[in-house]
There are 2 protein chains.
Amino acid sequence: MTSLRSVAQESETVGAAMRAVGAAARAAARALANAPRAQKDRALTQAAAALRARAGEILAANARDLAAAKARGLAAAFLDRLTLDGTRIEAMARGLEEIAALPDPVGRVLARFERPNGLLIERVATPLGVVGVIYESRPNVTADAGALCLKSGNAAVLRGGSDSFHSSAAIHACLVEGLRGAGLPEAAISAAPSASREAVAEMLAGLGGALDVIVPRGGRSLVERVQKEARVPVFAHLEGVVHVYVDRAADLDKATKVLVNAKLRRTGVCGAAEKLLVDKACAATHLKPLVQALLDRGCAVRGDGAAMAADPRVTKASEEDWRAEYLDAIIAAKVVDGLDAAIAQIETYGSHHTDCIVTEDREAAEKFLKEVDSAIVLHNASTQFADGGEFGFGGEIGIATGRMHARGPVGLEQLCTFKYKVRGDGQVRP
Amino acid sequence: MTSLRSVAQESETVGAAMRAVGAAARAAARALANAPRAQKDRALTQAAAALRARAGEILAANARDLAAAKARGLAAAFLDRLTLDGTRIEAMARGLEEIAALPDPVGRVLARFERPNGLLIERVATPLGVVGVIYESRPNVTADAGALCLKSGNAAVLRGGSDSFHSSAAIHACLVEGLRGAGLPEAAISAAPSASREAVAEMLAGLGGALDVIVPRGGRSLVERVQKEARVPVFAHLEGVVHVYVDRAADLDKATKVLVNAKLRRTGVCGAAEKLLVDKACAATHLKPLVQALLDRGCAVRGDGAAMAADPRVTKASEEDWRAEYLDAIIAAKVVDGLDAAIAQIETYGSHHTDCIVTEDREAAEKFLKEVDSAIVLHNASTQFADGGEFGFGGEIGIATGRMHARGPVGLEQLCTFKYKVRGDGQVRP
């Protein structure tokens with residue numbers, strides 16, 4: 001009984017603390033929405049300076065997190081994501097300065113029209129409000145996500161993973177120093193006072209109406225939980241089941257170069273290719289060299305009968321292979337009967353994230369770009385360009401496969417909503 | 001027991017039928033997304049022709065609904081919304097033709113940028129997918145909402161009120177005739193096979209993943225239920241607590257004209273003014289004539305001490321009056337201490353729908369337009385312009401006060417999402 005009661009009490013305390021953070025962030029959001037560009041940029045550059053000046057403290061905090069993580073026996077990949085060093089801190093600081101240098105997304109005039117009655121109507125970008133970010137072990141998300149929210153005039157509530165708690169707190173202190181230096185409310189970038197699961201549950205419930213949107217940054221189970229349980233909108237993608245379709249009119253060299261890069265440049269990113277579709281009309285010439293290019297670089301290939309016939313190293317693909325996101329040096333390859341069959345395969349088995357056609361036939365390319373219903377569709381380019389930085393957005397807070405508001409890389413522009421400003425001279429409606 | 005079982009069975013049958021409708025609409029959505037403009041427009045103009053040709057059938061169906069509604073003793077305002085006649089049918093038909101004449105919102109290039117590596121990136125408008133519309137007694141919503149969804153390449157699932165069931169079904173038959181004539185799938189505009197509450201519950205649950213968004217059209221209790229229970233995004237506004245702020249630099253004649261129109265042109269619309277705020281600095285000259293202009297036209301005024309002192313007909317406002325949406329010839333009026341106090345009052349008591357400043361001071365106007373966080377902010381114009389038609393959108397499916405995706409009047413453009421088309425020539429990522 002006692003222990004149950006204390007758990008309930010603790011959870012109530014976390015809940016109250018989280019809702020207080022939400023209310024403070026909501027109040028800060030209004031000041032931030034009206035802050036001029038120079039003030040926001042000053043906060044960012046002063047935060048960058050603080051990151052450099054306090055690198056020692058940050059590394060000491062990171063050492064505490066790392067020691068605890070090692071003691072818990074966490075995997076090497078996890079430890080790598082958690083580890084900070086001078087280079088990574090400098091990269092964070094430069095990231096803040098780069099975001100400061102970007103144009104202000106707030107106040108952009110998105111559309112302007114004059115009505116016959118003389119009313120001048122403008123659709124103008126405004127901040128979304130308060131953005132909740134739930135992330136796992138990467139402490140640098142604290143700086144990246146906080147800076148993108150600040151620049152777009154949004155308050156942020158950041159909840160980092162418990163394993164990176166001290167590192168994130170040290171980085172967060174630098175962001176707060178920047179806000180203070182610029183005369184902006186410190187709650188504009190708030191950190192959850194607890195890394196507990198209750199803190200996450202409170203955020204998913206919306207912090208008493210304070211959160212406008214939640215962005216989960218992390219593995220599949222985190223994203224799945226957020227998508228399932230959140231009572232506020234979510235910008236996220238669950239997986240990237242990314243296809244490369246090599247059309248009958250594909251240039252083989254180009255196809256090979258694009259495919260190898262799309263699959264193997266980095267295998268753990270959401271834009272990494274997971275499926276190879278080869279047009280039946282060019283399978284005789286293209287399938288074998290494409291499959292072998294991957295095999296020779298250490299990529300496992302699971303295939304249909306044609307792919308298996310192309311090279312003895314190809315193993316038989318199961319039905320699940322056509323839906324799988326490996327995030328590893330594995331690909332599933334098959335022959336399809338032309339462009340329509342390729343599109344049908346992608347629509348049936350894909351995840352509407354990123355898909356690519358390789359072809360010299362412009363008409364086929366345009367049909368693919370139009371009919372494949374994915375956030376990003378590419379013609380003759382590696383799917384690993386699916387990234388806000390590569391799109392020129394100066395960073396991204398995530399990639400979304402939802403259809404509402406944001407889709408694809410979510411940068412500063414998609415962290416804004418809009419309002420209509422209507423200017424008249426006494427017009428009334430008849 | 002038997003009766004409970006049969007209720008459960010019926011609810012299961014409705015559920016299965018609704019999910020089947022959802023699946024068919026989802027399949028139709030893909031065909032519609034790729035349909036060329038001419039085909040969509042042909043469906044709309046043929047549906048308009050069918051409305052005219054089948055006006056007799058529609059009026060007969062409407063007579064059935066009206067007889068039942070009268071027998072149930074429904075109010076006169078309700079019966080008026082439900083009633084169709086030749087003029088209203090012709091207006092529906094012309095509405096379809098006007099939507100056909102609008103530019104196609106699908107395929108618009110929203111942004112285009114070339115990257116240093118030569119990649120050409122376009123953000124292109126695409127349909128949202130499947131739009132669910134839940135409405136009450138107005139049968140014309142069937143035609144309006146169906147047409148807006150069709151033009152924007154979205155499939156629609158329409159669930160009209162049970163009181164307008166036969167009227168809506170007769171109108172829906174005309175839309176289906178148009179779709180058939182244009183060679184588009186009939187499920188592109190689907191009607192719920194039942195007007196039961198179970199049908200609504202199924203739609204709020206998303207029809208097994210088939211619905212991308214729900215638009216409620218009707219009274220407060222409907223919108224409240226949809227906002228509370230829907231598991232998919234909602235485009236809606238709960239209420240319009242609309243303010244007119246008369247600034248110290250307001251022209252009195254202009255202010256009177258705008259205020260009277262904003263309050264009294266139609267009192268039952270969401271853009272009707274519900275609050276009058278008068279700047280203390282001009283209250284001595286402006287408050288009395290403004291209040292009397294309303295009183296003399298039959299509008300009740302509830303006010304603070306200053307407003308009560310202006311005219312004996314003004315009654316005392318309670319705290320609830322500052323938050324109330326009357327939708328009637330009633331207004332709450334008070335004096336505020338300048339622009340900042342007006343903005344604070346609106347942010348505290350308003351509903352972020354539509355608010356207006358009357359002033360000749362351009363700087364004050366710009367501050368108001370920037371800092372009032374409402375979907376529509378106006379300067380020197382009646383708040384009753386809060387309407388998609390008045391914005392030139394060629395109709396609206398509703399007005400949204402949410403911050404995600406759509407805000408303000410929701411027309412064809414906001415019924416679209418976007419994708420990124422990336423065109424390269426073999427680019428890979430280093």
# chains A, B, ... in the order shown; residues from 1 in each chain; ligands from 1
$ residues_around --residues "region 321-333 of chain A" --least-positions-apart "5" --cutoff "6 Å" --atoms "only C-alpha atoms" --output "PyMOL selection string"
chain A and resi 241+267-268+274-277+299-303+349
$ interface_residues --of "chain B" --to "chain A" --cutoff "8 Å" --atoms "only C-alpha atoms" --output "mmCIF file with C-alpha atoms, in the first residue's frame"
data_model
loop_
_atom_site.group_PDB
_atom_site.id
_atom_site.type_symbol
_atom_site.label_atom_id
_atom_site.label_comp_id
_atom_site.auth_asym_id
_atom_site.auth_seq_id
_atom_site.Cartn_x
_atom_site.Cartn_y
_atom_site.Cartn_z
ATOM 1 C CA ASN B 34 -4.496 11.495 -60.414
ATOM 2 C CA ARG B 115 20.420 23.144 -54.673
ATOM 3 C CA ILE B 121 13.288 20.509 -55.597
ATOM 4 C CA LEU B 128 -5.278 15.218 -48.542
ATOM 5 C CA ASP B 212 -7.597 11.686 -43.161
ATOM 6 C CA PRO B 233 -7.563 15.580 -37.338
ATOM 7 C CA LYS B 254 -16.534 54.367 -40.060
ATOM 8 C CA ALA B 255 -16.557 52.696 -36.649
ATOM 9 C CA LYS B 257 -20.841 51.512 -39.908
ATOM 10 C CA VAL B 258 -18.404 48.645 -39.328
ATOM 11 C CA ASN B 261 -22.676 45.570 -39.836
ATOM 12 C CA ALA B 262 -20.372 43.295 -37.837
ATOM 13 C CA ARG B 265 -26.080 42.084 -40.640
ATOM 14 C CA LEU B 369 -2.946 42.640 -36.822
ATOM 15 C CA LYS B 370 0.375 41.212 -35.663
ATOM 16 C CA GLU B 371 -0.312 40.591 -31.995
ATOM 17 C CA ASP B 373 -3.532 35.641 -32.372
ATOM 18 C CA SER B 374 -6.709 34.939 -34.327
ATOM 19 C CA ALA B 375 -7.305 33.137 -37.602
ATOM 20 C CA ILE B 376 -8.627 36.341 -39.154
ATOM 21 C CA VAL B 377 -7.669 39.849 -38.053
ATOM 22 C CA LEU B 378 -9.229 42.871 -39.761
ATOM 23 C CA HIS B 379 -8.530 46.570 -39.946
ATOM 24 C CA ASN B 380 -11.470 48.864 -40.740
ATOM 25 C CA ALA B 381 -13.722 46.170 -42.167
ATOM 26 C CA SER B 382 -16.722 44.222 -40.933
ATOM 27 C CA GLN B 384 -18.810 39.383 -41.262
ATOM 28 C CA PHE B 385 -16.262 39.097 -44.105
ATOM 29 C CA PHE B 391 -12.125 35.685 -49.388
ATOM 30 C CA GLY B 392 -12.488 34.591 -53.008
ATOM 31 C CA ARG B 403 -3.429 25.891 -35.733
ATOM 32 C CA MET B 404 -2.584 22.762 -37.709
ATOM 33 C CA HIS B 405 -2.736 22.740 -41.498
ATOM 34 C CA ALA B 406 -5.845 24.869 -42.011
ATOM 35 C CA ARG B 407 -6.779 28.114 -40.262
ATOM 36 C CA GLY B 408 -9.573 30.510 -41.120
ATOM 37 C CA THR B 417 -1.309 18.648 -48.605
ATOM 38 C CA PHE B 418 1.958 18.568 -50.592
ATOM 39 C CA LYS B 419 4.837 16.362 -51.625
ATOM 40 C CA TYR B 420 8.414 17.107 -52.626
ATOM 41 C CA LYS B 421 9.440 16.282 -56.195
ATOM 42 C CA VAL B 422 13.214 16.072 -56.535
ATOM 43 C CA ARG B 423 14.730 15.968 -60.035
ATOM 44 C CA GLY B 424 18.352 15.021 -60.504
ATOM 45 C CA ASP B 425 20.808 13.635 -63.005
ATOM 46 C CA GLY B 426 22.453 10.908 -60.997
ATOM 47 C CA GLN B 427 23.359 12.920 -57.870
ATOM 48 C CA VAL B 428 24.490 10.910 -54.868
ATOM 49 C CA ARG B 429 25.201 12.090 -51.352
ATOM 50 C CA PRO B 430 28.868 12.253 -50.339
#
$ residues_around --residues "Ala16 (chain A)" --least-positions-apart "5" --cutoff "12 Å" --atoms "only C-alpha atoms" --output "ChimeraX atom specification"
/A:9-11,21-23,192-194,198-199,202-203,207-208
$ write_last_selection --atoms "N, CA and C atoms" --output "short mmCIF file (atom, residue, chain, number, x, y, z; two decimals), in the first residue's frame"
data_model
loop_
_atom_site.label_atom_id
_atom_site.label_comp_id
_atom_site.auth_asym_id
_atom_site.auth_seq_id
_atom_site.Cartn_x
_atom_site.Cartn_y
_atom_site.Cartn_z
N GLN A 9 1.83 9.30 -5.59
CA GLN A 9 2.18 10.67 -5.20
C GLN A 9 3.24 11.24 -6.12
N GLU A 10 4.24 10.40 -6.41
CA GLU A 10 5.33 10.88 -7.26
C GLU A 10 4.79 11.25 -8.64
N SER A 11 3.92 10.38 -9.15
CA SER A 11 3.37 10.62 -10.47
C SER A 11 2.55 11.90 -10.48
N VAL A 21 5.34 23.54 -16.26
CA VAL A 21 6.27 23.83 -17.37
C VAL A 21 5.48 24.21 -18.62
N GLY A 22 4.41 23.46 -18.88
CA GLY A 22 3.57 23.74 -20.05
C GLY A 22 2.97 25.13 -19.99
N ALA A 23 2.47 25.51 -18.82
CA ALA A 23 1.83 26.82 -18.68
C ALA A 23 2.86 27.93 -18.88
N ALA A 192 11.92 19.38 -19.59
CA ALA A 192 11.10 18.64 -18.64
C ALA A 192 11.91 18.46 -17.37
N PRO A 193 11.31 18.71 -16.20
CA PRO A 193 12.07 18.58 -14.95
C PRO A 193 12.35 17.12 -14.60
N SER A 194 11.78 16.22 -15.35
CA SER A 194 11.97 14.80 -15.07
C SER A 194 12.06 14.06 -16.39
N GLU A 198 6.33 9.16 -16.65
CA GLU A 198 5.18 10.01 -16.35
C GLU A 198 5.30 11.35 -17.09
N ALA A 199 6.54 11.85 -17.20
CA ALA A 199 6.73 13.11 -17.91
C ALA A 199 6.30 12.95 -19.36
N GLU A 202 2.49 12.83 -19.58
CA GLU A 202 1.92 14.17 -19.47
C GLU A 202 2.03 14.92 -20.79
N MET A 203 3.18 14.78 -21.46
CA MET A 203 3.33 15.47 -22.74
C MET A 203 2.36 14.90 -23.77
N LEU A 207 -0.03 18.43 -21.86
CA LEU A 207 0.32 19.37 -20.78
C LEU A 207 -0.83 20.34 -20.51
N GLY A 208 -2.02 19.77 -20.33
CA GLY A 208 -3.16 20.62 -19.99
C GLY A 208 -3.51 21.64 -21.06
#
$ select_by_dssp --residues "region 223-339 of chain A" --states "alpha helix (DSSP H)" --output "number ranges by chain"
A: 223-229, 252-264, 280-296, 305-310, 338-339
$ select_by_dssp --residues "region 278-383 of chain B" --states "strand (DSSP E)" --output "list in words"
Val278, Asp279, Ala300, Val301, Arg302, Gly303, Thr315, Lys316, Ile330, Ile331, Ala332, Ala333, Lys334, Val335, Val336, Thr354, Asp355, Cys356, Ile357, Val358, Ile376, Val377, Leu378, His379, Asn380 and Ala381 of chain B
$ write_last_selection --atoms "C-alpha atoms" --output "mmCIF file, in the first residue's frame"
data_model
loop_
_atom_site.group_PDB
_atom_site.id
_atom_site.type_symbol
_atom_site.label_atom_id
_atom_site.label_comp_id
_atom_site.auth_asym_id
_atom_site.auth_seq_id
_atom_site.Cartn_x
_atom_site.Cartn_y
_atom_site.Cartn_z
ATOM 1 C CA VAL B 278 -13.727 51.171 -26.858
ATOM 2 C CA ASP B 279 -10.422 52.888 -26.165
ATOM 3 C CA ALA B 300 -29.330 44.532 -26.476
ATOM 4 C CA VAL B 301 -26.145 45.907 -24.895
ATOM 5 C CA ARG B 302 -24.607 44.556 -21.704
ATOM 6 C CA GLY B 303 -21.831 46.725 -20.449
ATOM 7 C CA THR B 315 -27.677 46.439 -18.604
ATOM 8 C CA LYS B 316 -24.839 45.245 -16.410
ATOM 9 C CA ILE B 330 -26.888 41.041 -28.003
ATOM 10 C CA ILE B 331 -23.420 42.525 -27.480
ATOM 11 C CA ALA B 332 -21.156 43.092 -24.500
ATOM 12 C CA ALA B 333 -19.408 46.468 -24.475
ATOM 13 C CA LYS B 334 -16.646 47.919 -22.337
ATOM 14 C CA VAL B 335 -13.954 50.552 -22.199
ATOM 15 C CA VAL B 336 -10.315 49.393 -22.293
ATOM 16 C CA THR B 354 -11.969 36.773 -36.021
ATOM 17 C CA ASP B 355 -11.215 40.174 -34.470
ATOM 18 C CA CYS B 356 -11.185 43.719 -35.784
ATOM 19 C CA ILE B 357 -9.624 47.097 -35.054
ATOM 20 C CA VAL B 358 -11.124 50.361 -36.262
ATOM 21 C CA ILE B 376 -8.627 36.341 -39.154
ATOM 22 C CA VAL B 377 -7.669 39.849 -38.053
ATOM 23 C CA LEU B 378 -9.229 42.871 -39.761
ATOM 24 C CA HIS B 379 -8.530 46.570 -39.946
ATOM 25 C CA ASN B 380 -11.470 48.864 -40.740
ATOM 26 C CA ALA B 381 -13.722 46.170 -42.167
#
$ decode --residues "region 157-186 of chain A" --atoms "N, CA and C atoms" --output "compact mmCIF listing (two decimals), in the first residue's frame"
# COMPACT_ATOMS: atom_id res chain seq x y z
N VAL A 157 9.09 22.59 -25.36
CA VAL A 157 9.24 21.80 -24.15
C VAL A 157 10.00 20.54 -24.54
N LEU A 158 11.22 20.42 -24.04
CA LEU A 158 12.12 19.34 -24.45
C LEU A 158 12.17 18.27 -23.36
N ARG A 159 11.96 17.04 -23.76
CA ARG A 159 12.09 15.93 -22.82
C ARG A 159 13.08 14.94 -23.41
N GLY A 160 14.32 15.02 -22.93
CA GLY A 160 15.37 14.13 -23.42
C GLY A 160 15.32 12.80 -22.68
N GLY A 161 16.06 11.83 -23.19
CA GLY A 161 16.09 10.52 -22.58
C GLY A 161 16.78 10.56 -21.22
N SER A 162 16.40 9.63 -20.35
CA SER A 162 17.00 9.62 -19.01
C SER A 162 18.50 9.35 -19.08
N ASP A 163 18.94 8.61 -20.10
CA ASP A 163 20.37 8.29 -20.19
C ASP A 163 21.23 9.50 -20.55
N SER A 164 20.60 10.53 -21.14
CA SER A 164 21.38 11.72 -21.51
C SER A 164 20.98 12.92 -20.67
N PHE A 165 20.40 12.64 -19.50
CA PHE A 165 19.80 13.71 -18.69
C PHE A 165 20.78 14.82 -18.34
N HIS A 166 21.96 14.45 -17.84
CA HIS A 166 22.91 15.49 -17.41
C HIS A 166 23.49 16.24 -18.61
N SER A 167 23.78 15.53 -19.68
CA SER A 167 24.31 16.20 -20.87
C SER A 167 23.30 17.20 -21.41
N SER A 168 22.06 16.75 -21.52
CA SER A 168 21.01 17.63 -22.05
C SER A 168 20.80 18.84 -21.15
N ALA A 169 20.85 18.61 -19.84
CA ALA A 169 20.66 19.72 -18.90
C ALA A 169 21.77 20.75 -19.07
N ALA A 170 23.01 20.29 -19.27
CA ALA A 170 24.12 21.24 -19.43
C ALA A 170 23.97 22.04 -20.72
N ILE A 171 23.50 21.37 -21.78
CA ILE A 171 23.29 22.08 -23.04
C ILE A 171 22.12 23.05 -22.90
N HIS A 172 21.08 22.57 -22.23
CA HIS A 172 19.91 23.42 -22.03
C HIS A 172 20.28 24.70 -21.26
N ALA A 173 21.18 24.58 -20.30
CA ALA A 173 21.61 25.76 -19.53
C ALA A 173 22.21 26.82 -20.45
N CYS A 174 22.90 26.38 -21.49
CA CYS A 174 23.49 27.33 -22.45
C CYS A 174 22.41 28.03 -23.26
N LEU A 175 21.37 27.27 -23.64
CA LEU A 175 20.26 27.89 -24.39
C LEU A 175 19.57 28.95 -23.52
N VAL A 176 19.38 28.61 -22.25
CA VAL A 176 18.73 29.55 -21.33
C VAL A 176 19.60 30.80 -21.17
N GLU A 177 20.92 30.60 -21.13
CA GLU A 177 21.83 31.76 -21.03
C GLU A 177 21.64 32.68 -22.24
N GLY A 178 21.47 32.09 -23.41
CA GLY A 178 21.23 32.88 -24.62
C GLY A 178 19.92 33.64 -24.54
N LEU A 179 18.87 32.95 -24.10
CA LEU A 179 17.55 33.61 -23.98
C LEU A 179 17.63 34.79 -23.03
N ARG A 180 18.31 34.55 -21.88
CA ARG A 180 18.42 35.59 -20.87
C ARG A 180 19.19 36.79 -21.43
N GLY A 181 20.27 36.50 -22.13
CA GLY A 181 21.09 37.57 -22.70
C GLY A 181 20.32 38.41 -23.71
N ALA A 182 19.36 37.79 -24.38
CA ALA A 182 18.60 38.50 -25.41
C ALA A 182 17.32 39.11 -24.84
N GLY A 183 17.09 38.91 -23.54
CA GLY A 183 15.89 39.48 -22.94
C GLY A 183 14.61 38.73 -23.30
N LEU A 184 14.75 37.46 -23.63
CA LEU A 184 13.57 36.64 -23.93
C LEU A 184 13.25 35.77 -22.72
N PRO A 185 11.99 35.37 -22.54
CA PRO A 185 11.65 34.56 -21.36
C PRO A 185 12.37 33.21 -21.37
N GLU A 186 12.89 32.84 -20.21
CA GLU A 186 13.65 31.59 -20.13
C GLU A 186 12.79 30.38 -20.45
